[in-house]
>>> print(open('data.cif').read())   # mmCIF, C-alpha atoms
data_run
loop_
_atom_site.label_atom_id
_atom_site.label_comp_id
_atom_site.auth_asym_id
_atom_site.auth_seq_id
_atom_site.Cartn_x
_atom_site.Cartn_y
_atom_site.Cartn_z
CA MET A 1 -2.42 -13.51 1.11
CA LYS A 2 0.02 -11.90 -1.34
CA LEU A 3 1.45 -14.10 -4.05
CA SER A 4 4.58 -13.29 -6.02
CA VAL A 5 6.70 -15.01 -8.67
CA LEU A 6 10.29 -16.23 -8.66
CA ASP A 7 11.48 -16.94 -12.21
CA GLN A 8 14.76 -18.65 -13.13
CA SER A 9 13.86 -18.59 -16.86
CA PRO A 10 14.17 -22.38 -17.09
CA ILE A 11 14.87 -23.84 -20.53
CA SER A 12 12.90 -26.93 -21.49
CA LYS A 13 14.51 -29.56 -23.71
CA GLY A 14 14.00 -28.69 -27.36
CA GLN A 15 13.72 -25.00 -26.51
CA THR A 16 16.17 -22.13 -27.06
CA ALA A 17 17.33 -19.66 -24.42
CA GLU A 18 15.65 -16.88 -26.39
CA GLU A 19 12.33 -18.72 -26.21
CA ALA A 20 12.69 -19.22 -22.46
CA ILE A 21 13.37 -15.52 -21.89
CA ASN A 22 10.39 -14.51 -24.03
CA GLN A 23 8.25 -16.86 -21.93
CA SER A 24 9.49 -15.03 -18.83
CA LEU A 25 8.26 -11.76 -20.34
CA GLU A 26 4.89 -13.31 -21.15
CA LEU A 27 4.60 -14.81 -17.67
CA ALA A 28 5.36 -11.42 -16.10
CA ARG A 29 2.58 -9.78 -18.10
CA LEU A 30 0.16 -12.58 -17.21
CA THR A 31 0.88 -12.65 -13.50
CA GLU A 32 0.56 -8.87 -13.26
CA GLN A 33 -2.91 -9.18 -14.81
CA LEU A 34 -3.72 -11.95 -12.33
CA GLY A 35 -2.81 -9.74 -9.35
CA TYR A 36 0.58 -11.09 -8.29
CA HIS A 37 2.54 -8.68 -6.10
CA ARG A 38 6.18 -9.08 -7.18
CA TYR A 39 8.12 -10.67 -10.02
CA TRP A 40 11.70 -11.57 -9.13
CA VAL A 41 14.30 -13.04 -11.49
CA ALA A 42 17.23 -15.20 -10.51
CA GLU A 43 20.95 -15.19 -11.27
CA HIS A 44 22.65 -18.41 -12.40
CA HIS A 45 25.84 -18.97 -14.35
CA ASN A 46 27.52 -21.65 -16.46
CA THR A 47 24.39 -23.80 -16.80
CA ASN A 48 22.55 -24.83 -19.94
CA GLY A 49 19.12 -24.99 -18.30
CA LEU A 50 18.61 -21.56 -16.72
CA ALA A 51 18.64 -18.49 -18.96
CA SER A 52 18.56 -15.78 -16.26
CA THR A 53 22.19 -14.76 -15.82
CA SER A 54 21.78 -10.98 -15.52
CA PRO A 55 18.87 -9.94 -13.29
CA GLU A 56 19.52 -6.23 -13.79
CA ILE A 57 18.97 -6.45 -17.55
CA LEU A 58 15.99 -8.77 -17.31
CA ILE A 59 14.39 -6.59 -14.59
CA SER A 60 14.58 -3.57 -16.90
CA ARG A 61 12.84 -5.39 -19.73
CA ILE A 62 10.16 -6.94 -17.50
CA ALA A 63 9.43 -3.62 -15.82
CA SER A 64 9.07 -2.07 -19.28
CA GLU A 65 6.55 -4.77 -20.23
CA THR A 66 4.45 -4.24 -17.08
CA LYS A 67 2.91 -1.30 -15.22
CA ARG A 68 2.16 -2.15 -11.59
CA ILE A 69 3.90 -5.30 -10.37
CA ARG A 70 7.09 -4.83 -8.35
CA VAL A 71 10.12 -6.26 -10.17
CA GLY A 72 13.35 -7.39 -8.60
CA SER A 73 16.20 -9.83 -8.17
CA GLY A 74 16.06 -13.13 -6.40
CA GLY A 75 18.88 -12.52 -6.06
CA VAL A 76 22.04 -10.71 -7.10
CA LEU A 77 25.03 -12.85 -6.05
CA LEU A 78 26.66 -10.07 -4.06
CA PRO A 79 29.96 -11.78 -3.06
CA GLN A 80 31.09 -11.63 -6.69
CA TYR A 81 30.47 -7.91 -7.15
CA SER A 82 31.19 -4.40 -5.95
CA PRO A 83 28.56 -2.99 -3.55
CA LEU A 84 28.83 0.38 -5.28
CA LYS A 85 28.13 -1.09 -8.71
CA VAL A 86 25.15 -3.08 -7.40
CA ALA A 87 23.78 0.04 -5.66
CA GLU A 88 24.15 2.10 -8.85
CA ASN A 89 22.55 -0.57 -11.05
CA PHE A 90 19.49 -0.61 -8.84
CA LYS A 91 19.38 3.16 -8.41
CA MET A 92 19.26 3.36 -12.20
CA LEU A 93 16.40 0.87 -12.24
CA GLU A 94 14.63 2.88 -9.53
CA ALA A 95 15.04 6.03 -11.63
CA LEU A 96 13.49 4.26 -14.62
CA PHE A 97 10.67 2.56 -12.68
CA PRO A 98 10.03 4.57 -9.49
CA GLY A 99 8.54 2.67 -6.57
CA ARG A 100 8.63 -0.73 -8.30
CA ILE A 101 12.16 -2.09 -7.80
CA ASP A 102 13.37 -4.71 -5.29
CA LEU A 103 17.01 -5.55 -4.66
CA GLY A 104 17.20 -9.13 -3.43
CA LEU A 105 20.69 -10.24 -2.42
CA GLY A 106 22.12 -13.76 -2.19
CA ARG A 107 25.29 -15.10 -0.62
CA SER A 108 25.61 -18.06 -3.00
CA PRO A 109 28.92 -18.41 -4.89
CA GLY A 110 26.90 -18.85 -8.09
CA GLY A 111 28.55 -22.01 -9.34
CA SER A 112 31.88 -23.81 -9.29
CA GLN A 113 35.06 -22.19 -8.03
CA GLN A 114 36.19 -21.77 -11.63
CA THR A 115 32.92 -20.03 -12.53
CA ARG A 116 33.18 -17.77 -9.50
CA LEU A 117 36.74 -16.74 -10.35
CA ALA A 118 35.64 -16.00 -13.91
CA LEU A 119 32.94 -13.70 -12.50
CA THR A 120 35.46 -11.84 -10.32
CA ASP A 121 38.10 -11.75 -13.08
CA GLY A 122 40.41 -13.95 -11.04
CA LEU A 123 40.09 -12.04 -7.78
CA SER A 124 39.58 -14.42 -4.86
CA LYS A 125 36.75 -12.97 -2.74
CA THR A 126 35.52 -14.42 0.54
CA LEU A 127 31.87 -15.22 1.22
CA SER A 128 32.41 -14.03 4.80
CA ALA A 129 32.37 -10.41 3.56
CA PHE A 130 28.68 -10.67 2.64
CA SER A 131 27.26 -8.87 5.67
CA ARG A 132 29.76 -6.04 5.30
CA GLN A 133 28.81 -5.73 1.62
CA VAL A 134 25.08 -5.51 2.45
CA LYS A 135 25.86 -2.76 4.94
CA GLU A 136 27.90 -0.90 2.32
CA ILE A 137 25.06 -1.11 -0.20
CA HIS A 138 22.85 0.67 2.34
CA GLY A 139 25.68 3.13 2.91
CA TYR A 140 25.74 3.99 -0.78
CA LEU A 141 21.95 4.03 -1.17
CA TYR A 142 21.32 6.23 1.88
CA ASP A 143 24.63 8.17 2.14
CA THR A 144 25.43 6.61 5.51
CA LEU A 145 28.96 5.30 5.04
CA PRO A 146 30.95 5.92 8.26
CA GLU A 147 33.22 8.95 8.32
CA ASP A 148 36.30 6.72 8.50
CA HIS A 149 35.20 4.50 5.58
CA ALA A 150 37.76 4.27 2.77
CA TYR A 151 35.11 5.28 0.20
CA LYS A 152 33.32 7.96 2.19
CA GLY A 153 32.39 10.71 -0.26
CA VAL A 154 31.78 8.31 -3.15
CA LEU A 155 28.14 8.74 -4.11
CA ALA A 156 25.91 6.14 -5.75
CA THR A 157 24.26 7.80 -8.71
CA PRO A 158 21.81 8.68 -10.17
CA ARG A 159 20.52 10.59 -7.13
CA THR A 160 17.00 9.18 -7.01
CA LYS A 161 14.22 10.40 -4.75
CA ASN A 162 13.58 6.89 -3.44
CA ASN A 163 15.58 3.67 -3.19
CA PRO A 164 14.78 0.06 -4.06
CA GLU A 165 13.60 -2.24 -1.28
CA THR A 166 16.43 -4.46 -0.03
CA TRP A 167 16.01 -8.14 0.85
CA VAL A 168 18.42 -10.91 1.81
CA LEU A 169 17.70 -14.46 0.67
CA GLY A 170 18.60 -17.34 2.96
CA ILE A 171 17.88 -20.89 4.13
CA THR A 172 19.68 -20.92 7.49
CA GLY A 173 19.98 -18.90 10.66
CA ARG A 174 23.17 -17.38 9.26
CA GLY A 175 21.34 -15.93 6.26
CA ALA A 176 18.53 -14.75 8.52
CA LYS A 177 21.02 -12.98 10.78
CA HIS A 178 22.65 -11.21 7.81
CA ALA A 179 19.21 -9.84 6.94
CA ALA A 180 18.38 -8.96 10.53
CA ILE A 181 21.50 -7.07 11.57
CA ASN A 182 21.48 -5.05 8.35
CA GLY A 183 17.79 -4.16 8.54
CA THR A 184 16.65 -5.75 5.28
CA GLY A 185 13.65 -7.91 4.53
CA PHE A 186 14.22 -11.69 4.73
CA THR A 187 13.22 -14.16 2.03
CA PHE A 188 13.30 -17.78 3.15
CA GLY A 189 14.12 -20.30 0.42
CA HIS A 190 11.72 -23.14 1.25
CA PHE A 191 12.16 -24.29 -2.37
CA ILE A 192 15.86 -24.91 -1.68
CA ASN A 193 15.71 -26.49 1.76
CA PRO A 194 12.88 -26.12 4.31
CA ASP A 195 14.70 -27.86 7.18
CA GLN A 196 15.83 -24.76 9.13
CA ALA A 197 12.73 -22.66 8.54
CA GLU A 198 11.57 -22.07 12.09
CA GLN A 199 15.08 -21.45 13.40
CA SER A 200 15.76 -18.98 10.58
CA ILE A 201 12.54 -17.02 11.13
CA LYS A 202 13.14 -16.88 14.87
CA THR A 203 16.72 -15.70 14.34
CA TYR A 204 15.61 -12.95 11.97
CA LEU A 205 12.90 -11.63 14.29
CA ASN A 206 15.09 -11.82 17.40
CA HIS A 207 18.06 -10.04 15.85
CA PHE A 208 16.33 -7.49 13.61
CA ARG A 209 17.81 -3.99 13.80
CA PRO A 210 15.96 -1.08 12.17
CA SER A 211 17.91 0.57 9.35
CA GLU A 212 17.57 3.42 6.91
CA ALA A 213 15.96 0.91 4.57
CA ARG A 214 13.42 -0.68 6.90
CA ARG A 215 12.09 0.19 10.36
CA GLU A 216 10.16 -3.06 10.91
CA PRO A 217 10.98 -6.69 10.00
CA ALA A 218 9.47 -8.19 6.86
CA ILE A 219 9.40 -11.85 5.82
CA ASN A 220 8.36 -13.75 2.74
CA ALA A 221 9.12 -17.28 1.52
CA CYS A 222 9.59 -19.04 -1.80
CA VAL A 223 8.02 -22.44 -2.57
CA PHE A 224 7.91 -24.78 -5.57
CA VAL A 225 4.27 -25.15 -6.64
CA VAL A 226 2.58 -27.29 -9.29
CA CYS A 227 -1.15 -26.62 -9.37
CA ALA A 228 -3.71 -28.30 -11.64
CA GLU A 229 -7.44 -28.97 -11.69
CA THR A 230 -6.94 -32.52 -10.37
CA LYS A 231 -4.41 -34.05 -8.01
CA GLU A 232 -3.52 -36.66 -10.64
CA GLU A 233 -2.77 -34.03 -13.29
CA ALA A 234 -0.62 -32.03 -10.87
CA GLU A 235 1.37 -35.14 -9.93
CA THR A 236 1.96 -35.94 -13.60
CA LEU A 237 3.08 -32.40 -14.43
CA ALA A 238 5.44 -32.44 -11.44
CA LEU A 239 7.36 -35.42 -12.85
CA SER A 240 9.37 -33.08 -15.09
CA GLN A 241 10.29 -30.91 -12.10
CA ASP A 242 11.22 -34.01 -10.07
CA LYS A 243 13.65 -35.16 -12.75
CA TRP A 244 14.94 -31.65 -13.32
CA LEU A 245 15.87 -31.33 -9.64
CA LEU A 246 17.78 -34.63 -9.79
CA GLN A 247 19.73 -33.32 -12.78
CA VAL A 248 20.49 -29.99 -11.08
CA GLU A 249 21.82 -31.76 -7.99
CA LYS A 250 24.04 -33.98 -10.13
CA GLY A 251 25.36 -30.95 -12.00
CA ILE A 252 24.49 -32.41 -15.39
CA ASP A 253 22.06 -31.29 -18.10
CA THR A 254 19.83 -28.76 -16.31
CA ARG A 255 17.21 -28.33 -19.04
CA VAL A 256 13.70 -29.35 -17.98
CA PRO A 257 12.84 -32.81 -19.39
CA SER A 258 9.48 -33.79 -20.85
CA ILE A 259 7.03 -36.00 -18.97
CA GLU A 260 7.41 -38.65 -21.67
CA GLU A 261 11.18 -38.72 -21.15
CA VAL A 262 10.77 -39.09 -17.40
CA LYS A 263 8.21 -41.89 -17.75
CA GLY A 264 10.55 -43.72 -20.09
CA GLN A 265 13.41 -43.83 -17.58
CA THR A 266 14.23 -46.25 -14.79
CA PHE A 267 15.11 -44.73 -11.42
CA SER A 268 17.26 -46.26 -8.74
CA SER A 269 15.98 -46.65 -5.18
CA ARG A 270 18.34 -43.85 -4.18
CA GLU A 271 16.85 -41.55 -6.83
CA PHE A 272 13.31 -42.42 -5.70
CA GLU A 273 14.30 -41.50 -2.15
CA LYS A 274 15.79 -38.24 -3.38
CA VAL A 275 12.59 -37.37 -5.26
CA LYS A 276 10.57 -38.09 -2.13
CA ASN A 277 12.84 -35.83 -0.10
CA ASN A 278 12.70 -33.06 -2.72
CA ARG A 279 8.90 -33.11 -2.63
CA ARG A 280 9.16 -31.48 0.82
CA ARG A 281 10.34 -28.37 -1.05
CA ALA A 282 7.15 -28.26 -3.11
CA ILE A 283 3.37 -28.09 -2.91
CA ILE A 284 1.66 -30.19 -5.58
CA GLY A 285 -2.08 -30.54 -6.01
CA THR A 286 -5.41 -28.85 -6.73
CA PRO A 287 -5.88 -25.12 -6.11
CA GLU A 288 -7.68 -25.91 -2.85
CA ASP A 289 -4.87 -28.22 -1.69
CA VAL A 290 -2.13 -25.75 -2.56
CA TYR A 291 -3.89 -22.79 -0.96
CA GLU A 292 -4.56 -24.66 2.29
CA GLU A 293 -0.92 -25.69 2.53
CA LEU A 294 0.23 -22.14 1.86
CA LYS A 295 -2.05 -20.91 4.66
CA SER A 296 -0.45 -23.46 6.98
CA LEU A 297 3.02 -22.28 5.99
CA SER A 298 1.88 -18.68 6.49
CA ASP A 299 1.43 -19.34 10.20
CA LYS A 300 4.75 -21.18 10.43
CA TYR A 301 6.72 -18.51 8.58
CA LYS A 302 4.86 -15.52 10.01
CA THR A 303 4.25 -14.07 6.56
CA ASP A 304 1.35 -13.40 4.24
CA GLU A 305 3.51 -13.37 1.09
CA PHE A 306 4.82 -16.32 -0.90
CA PHE A 307 6.96 -16.46 -4.02
CA ILE A 308 5.79 -19.21 -6.34
CA ILE A 309 8.28 -21.02 -8.58
CA THR A 310 7.03 -23.58 -11.10
CA ASN A 311 9.69 -25.30 -13.20
CA ILE A 312 7.78 -27.81 -15.31
CA TYR A 313 8.16 -28.76 -18.96
CA ASP A 314 4.75 -27.72 -20.24
CA TYR A 315 4.64 -23.92 -20.44
CA GLU A 316 0.88 -23.74 -20.99
CA ALA A 317 0.35 -25.90 -17.90
CA LYS A 318 2.75 -23.63 -16.02
CA LYS A 319 0.66 -20.56 -16.88
CA LYS A 320 -2.47 -22.46 -15.87
CA SER A 321 -0.89 -23.30 -12.51
CA TYR A 322 -0.36 -19.61 -11.77
CA GLU A 323 -3.89 -18.80 -12.95
CA LEU A 324 -5.56 -21.43 -10.77
CA LEU A 325 -3.64 -20.29 -7.70
CA ALA A 326 -4.46 -16.63 -8.34
CA HIS A 327 -8.16 -17.41 -8.57
CA ILE A 328 -8.31 -19.51 -5.40
CA ALA A 329 -6.41 -16.81 -3.51
CA ASN A 330 -8.73 -14.06 -4.81
CA LEU A 331 -5.83 -11.87 -5.91
#
>>> encode(input="data.cif", output="structure tokens")
Amino acid sequence: MKLSVLDQSPISKGQTAEEAINQSLELARLTEQLGYHRYWVAEHHNTNGLASTSPEILISRIASETKRIRVGSGGVLLPQYSPLKVAENFKMLEALFPGRIDLGLGRSPGGSQQTRLALTDGLSKTLSAFSRQVKEIHGYLYDTLPEDHAYKGVLATPRTKNNPETWVLGITGRGAKHAAINGTGFTFGHFINPDQAEQSIKTYLNHFRPSEARREPAINACVFVVCAETKEEAETLALSQDKWLLQVEKGIDTRVPSIEEVKGQTFSSREFEKVKNNRRRAIIGTPEDVYEELKSLSDKYKTDEFFIITNIYDYEAKKKSYELLAHIANL
């Protein structure tokens, strides 16, 4: 089994954004040493709890701090941007770090309508153009824009020998189909919503069309994981992630709270039900428990690669979680 990392650079309460980003750099170095396969960074805007707003810049720094691990985006919010500019950003990264760059693409609007308009400088752009934009990125990367395309002859530079791997992130059959018809890899976001997993995987495999980027389908999935030496410790550590998810869904303070803060609060029956439902997005337990559940998901998702995301308050416990999982998986 291949294990990879998805990092949103979460900010714990009492911590600065600079500290969170430096922890991302440290975690990248550690997980490379542990044998993790990829390290992807997210893109989020207008939130006080997630420091990763510019994956391209963070990718460059992380790749500079490491030597082997593949580094990429999970993912660039393509509907807000120009396909040419995205292609050139990642060609530049490929030139700097040959054979190590992944371009993961997401269809998410990236925040509120106001935030989205701020990102596009007031230009109203439709999410329905996503598939066309993915196709154009390949057109720029591989010089395959149709002869009648308005921008035929515009070249994405620098002219690198190789191109980054392209992936589309999704949680529904629609996202899977965008990946399939454009010949990209497909990353299923179990950590967002696992409900349409089997339908999404089936859609991707049934509709996959080979492209310049990829001749055969490729699937991986991303899961919340909290791993500790005992089940009780893992459950305690996960309390901060439970509360954090409630805050994210309410659109309020999105910094990760401490365990003490969570234990000192009273939750409504509705919040308890929400926490229970959110736990379906995560695997929480001992290394043996987590690994067995990942193996079960491997069969379901038809993949041997999982992205691990661990958004808990205690950074040392977070590192330990990745270490324990790496050891049980014999990376």
>>> resolve_selection(input="data.cif", expression="the PyMOL selection byres ((chain A and resi 219) around 6)", output="ChimeraX atom specification")
/A:185-187,218,220,303
>>> atom_distance(input="data.cif", atom1="CA of Lys243 (chain A)", atom2="CA of Ser296 (chain A)")
26.9 Å
>>> closest_residue(input="data.cif", among="A:Tyr140, A:Tyr81, A:Tyr39, A:Tyr151", to="Arg100 (chain A)", atoms="all atoms listed in the file")
A:Tyr39
>>> residues_near_point(input="data.cif", point="(13.1, -23.2, 1.8)", cutoff="10 Å", atoms="all atoms listed in the file", output="PyMOL selection string")
chain A and resi 169-172+187-197+221-224+280-282
>>> atom_distance(input="data.cif", atom1="CA of Arg214 (chain A)", atom2="CA of Leu25 (chain A)")
29.9 Å
>>> closest_residue(input="data.cif", among="A:Leu123, A:Met1, A:Ala63, A:Val168", to="Glu94 (chain A)", atoms="only C-alpha atoms")
A:Ala63
>>> atom_distance(input="data.cif", atom1="CA of Leu205 (chain A)", atom2="CA of Glu165 (chain A)")
18.2 Å
>>> resolve_selection(input="data.cif", expression="the PyMOL selection byres ((chain A and resi 183) around 8)", output="PyMOL selection string")
chain A and resi 179-182+184-185+208-215+217
>>> write_last_selection(input="data.cif", atoms="C-alpha atoms", output="JSON list (two decimals), in the frame of the given file")
[["chain", "number", "residue", "atom", "x", "y", "z"],
["A", 179, "ALA", "CA", 19.21, -9.84, 6.94],
["A", 180, "ALA", "CA", 18.38, -8.96, 10.53],
["A", 181, "ILE", "CA", 21.50, -7.07, 11.57],
["A", 182, "ASN", "CA", 21.48, -5.05, 8.35],
["A", 184, "THR", "CA", 16.65, -5.75, 5.28],
["A", 185, "GLY", "CA", 13.65, -7.91, 4.53],
["A", 208, "PHE", "CA", 16.33, -7.49, 13.61],
["A", 209, "ARG", "CA", 17.81, -3.99, 13.80],
["A", 210, "PRO", "CA", 15.96, -1.08, 12.17],
["A", 211, "SER", "CA", 17.91, 0.57, 9.35],
["A", 212, "GLU", "CA", 17.57, 3.42, 6.91],
["A", 213, "ALA", "CA", 15.96, 0.91, 4.57],
["A", 214, "ARG", "CA", 13.42, -0.68, 6.90],
["A", 215, "ARG", "CA", 12.09, 0.19, 10.36],
["A", 217, "PRO", "CA", 10.98, -6.69, 10.00]]
>>> resolve_selection(input="data.cif", expression="the PyMOL selection byres ((chain A and resi 124) around 12)", output="PyMOL selection string")
chain A and resi 79-81+109+113-123+125-127+129
>>> write_last_selection(input="data.cif", atoms="C-alpha atoms", output="compact mmCIF listing (two decimals), keeping the file's coordinate frame")
# COMPACT_ATOMS: atom_id res chain seq x y z
CA PRO A 79 29.96 -11.78 -3.06
CA GLN A 80 31.09 -11.63 -6.69
CA TYR A 81 30.47 -7.91 -7.15
CA PRO A 109 28.92 -18.41 -4.89
CA GLN A 113 35.06 -22.19 -8.03
CA GLN A 114 36.19 -21.77 -11.63
CA THR A 115 32.92 -20.03 -12.53
CA ARG A 116 33.18 -17.77 -9.50
CA LEU A 117 36.74 -16.74 -10.35
CA ALA A 118 35.64 -16.00 -13.91
CA LEU A 119 32.94 -13.70 -12.50
CA THR A 120 35.46 -11.84 -10.32
CA ASP A 121 38.10 -11.75 -13.08
CA GLY A 122 40.41 -13.95 -11.04
CA LEU A 123 40.09 -12.04 -7.78
CA LYS A 125 36.75 -12.97 -2.74
CA THR A 126 35.52 -14.42 0.54
CA LEU A 127 31.87 -15.22 1.22
CA ALA A 129 32.37 -10.41 3.56
>>> residues_around(input="data.cif", residues="Ala234 (chain A)", least_positions_apart="6", cutoff="12 Å", atoms="all atoms listed in the file", output="short mmCIF file (atom, residue, chain, number, x, y, z; two decimals) with C-alpha atoms, in the frame of the given file")
data_model
loop_
_atom_site.label_atom_id
_atom_site.label_comp_id
_atom_site.auth_asym_id
_atom_site.auth_seq_id
_atom_site.Cartn_x
_atom_site.Cartn_y
_atom_site.Cartn_z
CA VAL A 225 4.27 -25.15 -6.64
CA VAL A 226 2.58 -27.29 -9.29
CA CYS A 227 -1.15 -26.62 -9.37
CA ALA A 228 -3.71 -28.30 -11.64
CA SER A 240 9.37 -33.08 -15.09
CA GLN A 241 10.29 -30.91 -12.10
CA ILE A 259 7.03 -36.00 -18.97
CA ALA A 282 7.15 -28.26 -3.11
CA ILE A 283 3.37 -28.09 -2.91
CA ILE A 284 1.66 -30.19 -5.58
CA GLY A 285 -2.08 -30.54 -6.01
CA THR A 286 -5.41 -28.85 -6.73
CA PRO A 287 -5.88 -25.12 -6.11
CA ASP A 289 -4.87 -28.22 -1.69
CA VAL A 290 -2.13 -25.75 -2.56
CA THR A 310 7.03 -23.58 -11.10
CA ILE A 312 7.78 -27.81 -15.31
CA ASP A 314 4.75 -27.72 -20.24
CA ALA A 317 0.35 -25.90 -17.90
CA LYS A 318 2.75 -23.63 -16.02
CA LYS A 320 -2.47 -22.46 -15.87
CA SER A 321 -0.89 -23.30 -12.51
CA LEU A 324 -5.56 -21.43 -10.77
#
>>> residues_near_point(input="data.cif", point="(31.4, 9.3, -4.8)", cutoff="12 Å", atoms="only C-alpha atoms", output="list of chain:residue names")
A:Leu84, A:Lys85, A:Glu88, A:Gly139, A:Tyr140, A:Leu141, A:Asp143, A:Leu145, A:Ala150, A:Tyr151, A:Lys152, A:Gly153, A:Val154, A:Leu155, A:Ala156, A:Thr157, A:Pro158, A:Arg159
>>> decode(input="data.cif", residues="region 296-314 of chain A", atoms="N, CA and C atoms", output="short mmCIF file (atom, residue, chain, number, x, y, z; two decimals), in the first residue's frame")
data_model
loop_
_atom_site.label_atom_id
_atom_site.label_comp_id
_atom_site.auth_asym_id
_atom_site.auth_seq_id
_atom_site.Cartn_x
_atom_site.Cartn_y
_atom_site.Cartn_z
N SER A 296 -9.47 -2.59 3.80
CA SER A 296 -10.85 -2.80 3.40
C SER A 296 -11.30 -1.76 2.38
N LEU A 297 -10.94 -0.50 2.62
CA LEU A 297 -11.28 0.55 1.66
C LEU A 297 -10.53 0.37 0.34
N SER A 298 -9.35 -0.21 0.40
CA SER A 298 -8.56 -0.44 -0.81
C SER A 298 -9.34 -1.31 -1.79
N ASP A 299 -9.99 -2.34 -1.29
CA ASP A 299 -10.80 -3.21 -2.15
C ASP A 299 -12.00 -2.45 -2.70
N LYS A 300 -12.63 -1.66 -1.85
CA LYS A 300 -13.83 -0.92 -2.24
C LYS A 300 -13.51 0.14 -3.29
N TYR A 301 -12.37 0.82 -3.11
CA TYR A 301 -12.03 1.92 -4.00
C TYR A 301 -11.12 1.52 -5.15
N LYS A 302 -10.73 0.25 -5.17
CA LYS A 302 -9.86 -0.25 -6.25
C LYS A 302 -8.58 0.58 -6.38
N THR A 303 -7.95 0.81 -5.23
CA THR A 303 -6.70 1.57 -5.21
C THR A 303 -5.79 1.05 -4.12
N ASP A 304 -4.49 1.23 -4.33
CA ASP A 304 -3.53 0.87 -3.29
C ASP A 304 -2.87 2.12 -2.72
N GLU A 305 -3.46 3.32 -2.98
CA GLU A 305 -2.88 4.56 -2.48
C GLU A 305 -3.92 5.40 -1.74
N PHE A 306 -3.57 5.83 -0.53
CA PHE A 306 -4.44 6.68 0.26
C PHE A 306 -3.71 7.92 0.72
N PHE A 307 -4.37 9.06 0.58
CA PHE A 307 -3.91 10.30 1.19
C PHE A 307 -4.43 10.34 2.62
N ILE A 308 -3.56 10.68 3.54
CA ILE A 308 -3.90 10.75 4.95
C ILE A 308 -3.93 12.22 5.37
N ILE A 309 -5.04 12.64 5.97
CA ILE A 309 -5.16 14.00 6.50
C ILE A 309 -5.49 13.90 7.98
N THR A 310 -4.71 14.58 8.81
CA THR A 310 -4.87 14.51 10.25
C THR A 310 -4.89 15.93 10.81
N ASN A 311 -6.08 16.43 11.11
CA ASN A 311 -6.22 17.80 11.59
C ASN A 311 -6.59 17.80 13.08
N ILE A 312 -5.59 17.55 13.91
CA ILE A 312 -5.79 17.56 15.36
C ILE A 312 -4.96 18.66 15.98
N TYR A 313 -5.27 19.01 17.21
CA TYR A 313 -4.64 20.15 17.89
C TYR A 313 -3.17 19.90 18.21
N ASP A 314 -2.87 18.73 18.68
CA ASP A 314 -1.52 18.41 19.17
C ASP A 314 -0.60 18.03 18.01
#
